[in-house]
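The file structure.txt comes next; it holds compact mmCIF, C-alpha atoms.
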# COMPACT_ATOMS: atom_id res chain seq x y z
CA MET H 1 147.23 -74.68 160.51
CA ARG H 2 144.87 -74.31 157.55
CA ARG H 3 141.37 -75.78 157.86
CA LEU H 4 138.93 -75.92 154.94
CA VAL H 5 135.35 -75.19 155.95
CA VAL H 6 132.91 -76.08 153.19
CA ILE H 7 129.36 -74.73 153.44
CA LEU H 8 126.86 -76.62 151.27
CA VAL H 9 124.14 -74.28 150.05
CA PHE H 10 120.76 -75.28 148.63
CA ASP H 11 118.45 -73.18 146.45
CA ARG H 12 116.42 -70.80 148.61
CA ALA H 13 118.87 -71.07 151.48
CA HIS H 14 118.75 -68.50 154.28
CA MET H 15 121.54 -65.92 154.04
CA LEU H 16 122.28 -65.82 157.76
CA ASP H 17 122.63 -69.62 157.90
CA VAL H 18 125.56 -69.19 155.50
CA ALA H 19 127.00 -65.80 156.41
CA GLY H 20 126.91 -66.24 160.20
CA PRO H 21 129.18 -69.30 160.38
CA GLY H 22 131.29 -68.01 157.49
CA ASP H 23 132.07 -64.77 159.29
CA VAL H 24 132.90 -66.54 162.55
CA PHE H 25 135.63 -68.59 160.87
CA ALA H 26 136.84 -65.62 158.84
CA PHE H 27 137.38 -63.55 162.01
CA VAL H 28 139.66 -66.08 163.71
CA GLU H 29 143.01 -65.37 162.07
CA PRO H 30 143.65 -61.91 163.66
CA PHE H 31 143.29 -63.49 167.10
CA ASP H 32 145.10 -66.78 166.43
CA ALA H 33 147.84 -66.61 163.81
CA GLY H 34 148.41 -70.34 164.15
CA THR H 35 144.94 -71.27 162.88
CA ARG H 36 143.55 -70.18 159.54
CA TYR H 37 140.18 -71.19 158.18
CA GLU H 38 139.44 -71.15 154.48
CA VAL H 39 135.70 -70.88 153.86
CA CYS H 40 134.22 -72.15 150.61
CA CYS H 41 130.54 -72.22 149.62
CA VAL H 42 129.47 -75.05 147.32
CA SER H 43 126.28 -76.22 145.66
CA ALA H 44 125.28 -79.21 143.58
CA ARG H 45 126.20 -77.56 140.26
CA GLY H 46 128.05 -74.41 141.24
CA GLY H 47 127.41 -70.88 140.06
CA PRO H 48 124.90 -68.45 141.55
CA VAL H 49 122.37 -69.81 144.05
CA ALA H 50 119.16 -67.87 144.70
CA LEU H 51 118.68 -67.26 148.43
CA SER H 52 115.39 -66.92 150.28
CA ASN H 53 115.81 -63.14 150.70
CA GLY H 54 116.09 -62.50 146.95
CA MET H 55 119.87 -62.20 146.89
CA SER H 56 122.25 -64.58 145.12
CA LEU H 57 125.39 -66.33 146.34
CA MET H 58 128.21 -67.48 144.05
CA THR H 59 129.25 -71.07 144.77
CA ARG H 60 131.64 -73.72 143.49
CA ALA H 61 130.39 -77.09 142.28
CA ILE H 62 130.75 -79.98 144.71
CA GLY H 63 132.75 -81.86 142.08
CA GLU H 64 135.51 -79.25 142.35
CA ILE H 65 136.17 -80.10 146.01
CA ARG H 66 137.84 -83.33 147.05
CA PRO H 67 136.11 -84.55 150.22
CA ALA H 68 139.46 -85.61 151.69
CA ARG H 69 140.52 -81.93 151.80
CA ILE H 70 137.55 -80.84 153.90
CA ASP H 71 137.99 -80.23 157.61
CA THR H 72 134.42 -79.16 158.38
CA LEU H 73 131.41 -79.71 156.13
CA MET H 74 128.38 -77.63 157.05
CA VAL H 75 124.94 -78.13 155.45
CA THR H 76 122.63 -75.11 155.57
CA GLY H 77 118.88 -74.89 155.77
CA ALA H 78 116.59 -73.67 153.02
CA GLU H 79 112.96 -73.03 152.17
CA LYS H 80 110.92 -76.20 151.67
CA ASP H 81 111.06 -76.26 147.87
CA GLY H 82 114.86 -75.88 147.81
CA LEU H 83 115.31 -78.55 150.47
CA PHE H 84 113.11 -81.05 148.64
CA ARG H 85 115.06 -80.55 145.40
CA ALA H 86 118.29 -81.21 147.28
CA LEU H 87 116.94 -84.37 148.90
CA ALA H 88 115.90 -85.70 145.47
CA ASP H 89 119.41 -85.16 144.06
CA GLU H 90 121.04 -88.59 144.32
CA ALA H 91 124.45 -87.35 143.19
CA LEU H 92 124.44 -84.68 145.89
CA GLY H 93 123.48 -87.21 148.54
CA ALA H 94 126.26 -89.56 147.41
CA TRP H 95 128.83 -86.76 147.60
CA VAL H 96 127.77 -85.77 151.13
CA ARG H 97 127.83 -89.39 152.32
CA LYS H 98 131.33 -89.82 150.89
CA ALA H 99 132.51 -86.60 152.50
CA ALA H 100 130.97 -87.60 155.83
CA GLY H 101 133.33 -90.56 155.92
CA THR H 102 136.45 -88.41 155.77
CA VAL H 103 135.72 -84.97 157.26
CA ARG H 104 136.78 -84.20 160.80
CA ARG H 105 133.49 -82.49 161.53
CA LEU H 106 130.04 -82.68 159.92
CA ALA H 107 127.47 -80.01 160.77
CA SER H 108 124.11 -78.57 159.84
CA VAL H 109 122.29 -75.30 160.36
CA CYS H 110 118.51 -75.12 160.79
CA ILE H 111 116.66 -77.73 158.69
CA GLY H 112 119.93 -78.78 157.09
CA SER H 113 119.64 -81.49 159.75
CA PHE H 114 116.70 -82.89 157.73
CA ALA H 115 119.11 -83.45 154.85
CA LEU H 116 121.65 -85.18 157.08
CA ALA H 117 118.90 -87.37 158.54
CA HIS H 118 117.50 -88.15 155.07
CA TRP H 119 120.96 -89.32 153.98
CA GLY H 120 121.19 -91.59 157.04
CA LEU H 121 123.94 -89.62 158.74
CA LEU H 122 122.11 -88.93 162.01
CA ASP H 123 120.83 -92.42 162.82
CA GLY H 124 121.50 -93.20 166.46
CA ARG H 125 122.69 -89.63 167.09
CA ARG H 126 121.42 -86.70 169.13
CA ALA H 127 120.53 -83.74 166.93
CA THR H 128 118.43 -80.62 166.78
CA CYS H 129 116.85 -78.30 164.22
CA HIS H 130 114.56 -75.26 164.21
CA TRP H 131 111.96 -75.39 166.99
CA SER H 132 109.08 -75.09 164.51
CA VAL H 133 109.86 -78.46 162.88
CA VAL H 134 111.39 -80.58 165.66
CA ASP H 135 108.24 -82.69 166.05
CA LEU H 136 108.11 -83.33 162.32
CA MET H 137 111.77 -84.31 162.31
CA GLN H 138 111.23 -86.82 165.12
CA ARG H 139 108.25 -88.37 163.30
CA ARG H 140 110.07 -88.56 159.97
CA PHE H 141 113.33 -89.88 161.41
CA PRO H 142 112.61 -91.99 164.51
CA ALA H 143 116.21 -93.28 164.58
CA VAL H 144 117.38 -89.75 165.47
CA ALA H 145 117.24 -88.56 169.10
CA VAL H 146 115.87 -85.06 168.46
CA ASP H 147 116.58 -82.42 171.11
CA ARG H 148 113.58 -80.12 170.83
CA THR H 149 115.01 -77.02 172.49
CA ALA H 150 118.82 -76.88 172.33
CA LEU H 151 120.52 -74.08 170.42
CA PHE H 152 122.99 -76.62 169.08
CA VAL H 153 124.00 -80.20 169.80
CA GLN H 154 127.35 -81.93 169.45
CA ASP H 155 127.34 -85.72 169.22
CA GLY H 156 130.89 -86.81 168.54
CA SER H 157 132.01 -85.38 165.20
CA ILE H 158 128.48 -84.34 164.20
CA TRP H 159 127.09 -80.94 165.13
CA THR H 160 123.56 -79.65 164.47
CA SER H 161 122.04 -76.26 165.28
CA GLY H 162 118.57 -74.77 165.49
CA GLY H 163 119.11 -72.27 162.72
CA VAL H 164 119.47 -68.55 162.00
CA THR H 165 121.71 -67.05 164.73
CA THR H 166 122.37 -70.42 166.39
CA GLY H 167 124.71 -71.27 163.53
CA ILE H 168 126.92 -68.50 164.90
CA ASP H 169 126.82 -69.97 168.41
CA MET H 170 127.69 -73.42 167.08
CA SER H 171 130.57 -72.07 164.99
CA LEU H 172 131.98 -70.19 167.99
CA ALA H 173 131.90 -73.44 169.97
CA MET H 174 133.85 -75.08 167.15
CA VAL H 175 136.43 -72.28 167.27
CA GLU H 176 136.72 -72.75 171.02
CA ALA H 177 137.32 -76.48 170.49
CA ASP H 178 139.95 -75.79 167.81
CA CYS H 179 141.69 -72.80 169.39
CA SER H 180 140.65 -71.68 172.86
CA ARG H 181 137.85 -70.04 174.80
CA LEU H 182 139.81 -66.80 174.66
CA VAL H 183 139.92 -66.79 170.85
CA ALA H 184 136.23 -67.67 170.60
CA GLY H 185 135.40 -64.87 173.01
CA ARG H 186 137.43 -62.36 171.01
CA VAL H 187 135.73 -63.41 167.79
CA ALA H 188 132.35 -62.95 169.49
CA GLY H 189 133.47 -59.49 170.59
CA ALA H 190 134.58 -58.60 167.06
CA LEU H 191 131.11 -59.60 165.85
CA LEU H 192 129.62 -57.26 168.50
CA MET H 193 127.80 -60.09 170.23
CA SER H 194 126.65 -59.13 173.71
CA ALA H 195 127.18 -62.71 174.95
CA ARG H 196 128.05 -66.17 173.75
CA ARG H 197 125.29 -68.72 174.13
CA ILE H 198 125.91 -72.32 175.04
CA GLY H 199 124.25 -75.23 173.32
CA ASN H 200 121.88 -76.28 176.09
CA GLN H 201 120.12 -72.93 176.21
CA SER H 202 116.60 -72.97 174.82
CA GLN H 203 115.83 -71.79 171.27
CA TYR H 204 112.47 -70.39 172.26
CA SER H 205 112.18 -67.19 174.29
CA VAL H 206 109.16 -67.16 176.58
CA GLN H 207 110.06 -63.59 177.56
CA LEU H 208 109.61 -62.40 173.99
CA ARG H 209 106.25 -64.12 173.82
CA ALA H 210 105.19 -62.64 177.17
CA GLN H 211 106.14 -59.10 176.16
CA THR H 212 103.66 -59.12 173.29
CA GLY H 213 100.62 -60.78 174.94
CA ARG H 214 97.78 -59.90 177.28
CA TYR H 215 100.13 -59.73 180.28
CA ALA H 216 102.63 -57.39 178.61
CA GLN H 217 102.27 -54.66 181.25
CA LEU H 218 102.59 -57.16 184.06
CA VAL H 219 105.74 -58.77 182.69
CA ASP H 220 107.28 -55.31 182.21
CA TRP H 221 106.51 -54.64 185.88
CA ILE H 222 108.05 -57.98 186.89
CA GLY H 223 111.27 -57.11 185.06
CA ALA H 224 111.45 -53.76 186.85
CA ASN H 225 110.75 -55.18 190.33
CA LEU H 226 112.99 -58.20 190.73
CA ASP H 227 113.87 -57.03 194.25
CA GLN H 228 110.27 -57.79 195.28
CA PRO H 229 108.91 -61.22 196.38
CA LEU H 230 106.74 -61.55 193.22
CA ASP H 231 104.51 -64.26 194.68
CA ILE H 232 101.38 -65.53 192.93
CA ALA H 233 99.05 -63.49 195.13
CA THR H 234 100.85 -60.25 194.27
CA LEU H 235 100.93 -60.97 190.54
CA ALA H 236 97.29 -62.06 190.42
CA ALA H 237 96.22 -58.91 192.25
CA ARG H 238 98.11 -56.72 189.77
CA ALA H 239 96.46 -58.61 186.90
CA GLY H 240 93.03 -58.13 188.53
CA GLU H 241 92.30 -61.88 188.52
CA SER H 242 91.80 -64.62 191.06
CA GLU H 243 94.92 -66.65 191.75
CA ARG H 244 93.47 -69.78 190.13
CA SER H 245 92.33 -68.01 186.96
CA PHE H 246 95.57 -66.05 186.74
CA CYS H 247 97.76 -69.15 186.94
CA ARG H 248 95.74 -70.94 184.26
CA ARG H 249 95.52 -67.98 181.87
CA PHE H 250 99.14 -66.90 182.32
CA ALA H 251 100.47 -70.39 181.58
CA ALA H 252 98.27 -70.65 178.48
CA GLU H 253 99.32 -67.21 177.22
CA VAL H 254 103.04 -67.24 178.02
CA GLY H 255 103.90 -70.94 177.88
CA GLU H 256 105.15 -71.14 181.47
CA PRO H 257 103.42 -71.00 184.87
CA PRO H 258 103.91 -67.60 186.52
CA GLY H 259 106.31 -68.94 189.17
CA ARG H 260 108.59 -70.50 186.58
CA TYR H 261 108.36 -67.37 184.42
CA VAL H 262 109.51 -65.19 187.32
CA GLU H 263 112.46 -67.55 187.82
CA THR H 264 113.25 -67.29 184.08
CA VAL H 265 113.40 -63.50 184.32
CA ARG H 266 115.48 -63.64 187.50
CA LEU H 267 117.91 -66.03 185.82
CA GLY H 268 118.16 -63.70 182.84
CA ALA H 269 119.18 -60.79 185.06
CA ALA H 270 121.67 -62.96 186.94
CA ARG H 271 123.15 -64.28 183.72
CA ARG H 272 123.71 -60.78 182.39
CA ALA H 273 125.53 -59.89 185.60
CA LEU H 274 127.71 -62.99 185.36
CA GLU H 275 128.48 -62.24 181.70
CA GLY H 276 129.80 -58.88 182.89
CA GLY H 277 132.12 -60.61 185.34
CA ALA H 278 130.09 -60.24 188.54
CA ALA H 279 130.53 -62.66 191.42
CA ALA H 280 127.74 -65.11 192.20
CA LYS H 281 126.53 -63.10 195.22
CA VAL H 282 126.26 -59.94 193.11
CA ALA H 283 124.48 -61.83 190.33
CA ALA H 284 122.06 -63.30 192.87
CA ARG H 285 121.14 -59.82 194.07
CA ALA H 286 120.74 -58.60 190.49
CA GLY H 287 118.20 -61.34 189.86
CA GLY H 288 116.39 -60.94 193.15
CA PHE H 289 117.42 -64.33 194.50
CA THR H 290 117.50 -64.62 198.28
CA SER H 291 121.05 -66.02 198.26
CA ASP H 292 123.79 -67.24 195.97
CA GLU H 293 122.86 -70.78 197.05
CA GLN H 294 119.35 -70.29 195.68
CA LEU H 295 120.86 -68.94 192.48
CA ALA H 296 123.16 -71.97 192.20
CA ARG H 297 120.22 -74.37 192.62
CA ALA H 298 118.27 -72.57 189.88
CA PHE H 299 121.28 -72.61 187.54
CA ARG H 300 121.88 -76.30 188.08
CA ARG H 301 118.22 -77.16 187.58
CA ARG H 302 117.64 -74.99 184.50
CA LEU H 303 121.06 -74.88 182.77
CA ASP H 304 122.95 -77.81 184.27
CA LEU H 305 125.79 -75.43 185.14
CA SER H 306 127.03 -73.60 188.21
CA PRO H 307 127.09 -69.78 188.11
CA SER H 308 130.91 -69.82 188.07
CA GLU H 309 130.95 -72.26 185.13
CA TYR H 310 128.50 -70.05 183.27
CA ARG H 311 130.63 -66.95 183.91
CA ARG H 312 133.77 -68.68 182.62
CA GLN H 313 132.01 -69.85 179.45
CA HIS H 314 130.66 -66.40 178.63
CA ARG H 315 133.59 -64.14 179.42
CA GLY H 316 135.94 -65.69 176.85
CA THR H 317 138.68 -66.34 179.38
Do you think you could lay out the structure here as structure tokens?
Amino acid sequence: MRRLVVILVFDRAHMLDVAGPGDVFAFVEPFDAGTRYEVCCVSARGGPVALSNGMSLMTRAIGEIRPARIDTLMVTGAEKDGLFRALADEALGAWVRKAAGTVRRLASVCIGSFALAHWGLLDGRRATCHWSVVDLMQRRFPAVAVDRTALFVQDGSIWTSGGVTTGIDMSLAMVEADCSRLVAGRVAGALLMSARRIGNQSQYSVQLRAQTGRYAQLVDWIGANLDQPLDIATLAARAGESERSFCRRFAAEVGEPPGRYVETVRLGAARRALEGGAAAKVAARAGGFTSDEQLARAFRRRLDLSPSEYRRQHRGT
């Protein structure tokens, strides 16, 4: 089966928003001879498009592609000036609206969701975009139910992703839907991804923020001592602060209260174990949970999945 994936590129688009999804679809054929994706990059007028990193990408004009041929239409993000020029292009908007009525799947990467919302294609839908502009998107387009944290969101035939590497995660989920989890897992392996991420994971990493702030040494110690209780009194003492001051300052600095942050780190360790094929009890020990039941409760509360469901989704089987 041959599926045409058309990636609409604006001036000043981000290279990874285009190349990430493009490579995912291009890697499928060796693992599934029955499904072949043809990837085509288009722009309003065709020819070379200047990207945000200074490189150029050769594209075809939208007028060369009949919307009825398109299986998946994906709209990429771009720097603000390039996006605004695209939104002011009435012919481009008309072409996308026409295509949206016939394609099997309509998608966006990063602030490409702003373009879909501007053209009225996300009204009444759940959608996401880059975490830095989700509040602006909700204010500008109140008819859209904006998910502020998801890596990507599927609402029927419309998919939106947070941007940059999340376009890869979204495209792998599309491959899984079209082919199988096994094929998607093998494509992820060919791309040397350490793990596949599911859509309801958060875009924003509090661990990255914590590792570069005033509590950097403490969070390094937490990561190395997950077999310890790691209660507030212990952490406050190591930080040399009273428990009340520590809780307030840590939450302000890291973005999570210390107890929730410890659980985040424990879940991260357990997830890595599950991604390697470990049983729930082994993963619980890796994260410092007191039991696999405690791990299951944390998974359900934070990821809306059981540990076994998470393992199946991330092992490509």
Computed interatomic separation between CA of Leu106 (chain H) and CA of Val164 (chain H) (Å):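 Between CA of Leu106 (chain H) and CA of Val164 (chain H) the gap works out to 17.8 Å.
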Pick from H:Arg248, H:Val175, H:Trp95, H:Pro307 nearest to Arg272 (chain H), counting all atoms listed in the file: H:Pro307
Contacts of Leu226 (chain H) within 12 Å, all atoms listed in the file, excl. fewer than 4 positions in-chain, as a PDB file with C-alpha atoms, keeping the file's coordinate frame:
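Result saved to selection_6.pdb:
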ATOM      1  CA  VAL H 219     105.740 -58.770 182.690  1.00  0.00           C
ATOM      2  CA  ASP H 220     107.280 -55.310 182.210  1.00  0.00           C
ATOM      3  CA  TRP H 221     106.510 -54.640 185.880  1.00  0.00           C
ATOM      4  CA  ILE H 222     108.050 -57.980 186.890  1.00  0.00           C
ATOM      5  CA  LEU H 230     106.740 -61.550 193.220  1.00  0.00           C
ATOM      6  CA  ASP H 231     104.510 -64.260 194.680  1.00  0.00           C
ATOM      7  CA  VAL H 262     109.510 -65.190 187.320  1.00  0.00           C
ATOM      8  CA  GLU H 263     112.460 -67.550 187.820  1.00  0.00           C
ATOM      9  CA  THR H 264     113.250 -67.290 184.080  1.00  0.00           C
ATOM     10  CA  VAL H 265     113.400 -63.500 184.320  1.00  0.00           C
ATOM     11  CA  ARG H 266     115.480 -63.640 187.500  1.00  0.00           C
ATOM     12  CA  LEU H 267     117.910 -66.030 185.820  1.00  0.00           C
ATOM     13  CA  GLY H 268     118.160 -63.700 182.840  1.00  0.00           C
ATOM     14  CA  ALA H 269     119.180 -60.790 185.060  1.00  0.00           C
ATOM     15  CA  ALA H 270     121.670 -62.960 186.940  1.00  0.00           C
ATOM     16  CA  ALA H 284     122.060 -63.300 192.870  1.00  0.00           C
ATOM     17  CA  ARG H 285     121.140 -59.820 194.070  1.00  0.00           C
ATOM     18  CA  ALA H 286     120.740 -58.600 190.490  1.00  0.00           C
ATOM     19  CA  GLY H 287     118.200 -61.340 189.860  1.00  0.00           C
ATOM     20  CA  GLY H 288     116.390 -60.940 193.150  1.00  0.00           C
ATOM     21  CA  PHE H 289     117.420 -64.330 194.500  1.00  0.00           C
ATOM     22  CA  THR H 290     117.500 -64.620 198.280  1.00  0.00           C
TER      23      THR H 290
END
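Across the structure, CA of Arg125 (chain H) and CA of Arg148 (chain H) are spaced 13.7 Å apart.
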Within 8 Å of Arg105 (chain H) using all atoms listed in the file, minus same-chain residues under 4 positions, as an MDAnalysis selection string: chainID H and resid 71:73 157:159
Give me a file of those residues, with C-alpha atoms, as an mmCIF file, in the coordinates of the input.
data_model
loop_
_atom_site.group_PDB
_atom_site.id
_atom_site.type_symbol
_atom_site.label_atom_id
_atom_site.label_comp_id
_atom_site.auth_asym_id
_atom_site.auth_seq_id
_atom_site.Cartn_x
_atom_site.Cartn_y
_atom_site.Cartn_z
ATOM 1 C CA ASP H 71 137.990 -80.230 157.610
ATOM 2 C CA THR H 72 134.420 -79.160 158.380
ATOM 3 C CA LEU H 73 131.410 -79.710 156.130
ATOM 4 C CA SER H 157 132.010 -85.380 165.200
ATOM 5 C CA ILE H 158 128.480 -84.340 164.200
ATOM 6 C CA TRP H 159 127.090 -80.940 165.130
#
Under the rule of at most 12 Å, produce a per-residue listing of region 122-228 of chain H near region 13-27 of chain H: chain, number, name, the closest pair of atoms, and the distance in Å, as CSV, using only C-alpha atoms.
residue,atom,partner,partner_atom,distance
H:His130,CA,H:Asp17,CA,11.7
H:Ser161,CA,H:Asp17,CA,9.9
H:Gly162,CA,H:Asp17,CA,10.0
H:Gly163,CA,H:Asp17,CA,6.5
H:Val164,CA,H:Asp17,CA,5.3
H:Thr165,CA,H:Gly20,CA,6.9
H:Thr166,CA,H:Asp17,CA,8.5
H:Gly167,CA,H:Pro21,CA,5.8
H:Ile168,CA,H:Pro21,CA,5.1
H:Asp169,CA,H:Pro21,CA,8.4
H:Met170,CA,H:Pro21,CA,8.0
H:Ser171,CA,H:Pro21,CA,5.6
H:Leu172,CA,H:Val24,CA,6.6
H:Ala173,CA,H:Val24,CA,10.2
H:Met174,CA,H:Phe25,CA,9.2
H:Val175,CA,H:Phe25,CA,7.4
H:Glu176,CA,H:Phe25,CA,11.0
H:Asp178,CA,H:Phe25,CA,10.9
H:Cys179,CA,H:Phe25,CA,11.3
H:Val183,CA,H:Phe27,CA,9.8
H:Ala184,CA,H:Val24,CA,8.8
H:Gly185,CA,H:Val24,CA,10.9
H:Arg186,CA,H:Phe27,CA,9.1
H:Val187,CA,H:Phe27,CA,6.0
H:Ala188,CA,H:Val24,CA,7.8
H:Gly189,CA,H:Phe27,CA,10.3
H:Ala190,CA,H:Phe27,CA,7.6
H:Leu191,CA,H:Val24,CA,7.9
H:Leu192,CA,H:Val24,CA,11.5
H:Met193,CA,H:Val24,CA,11.3
10 Å contact set for Asp81 (chain H), only C-alpha atoms, chain neighbours under 2 positions out, as a list in words: Phe10, Asp11, Arg12, Ala78, Glu79, Leu83, Phe84, Arg85 and Ala86 of chain H
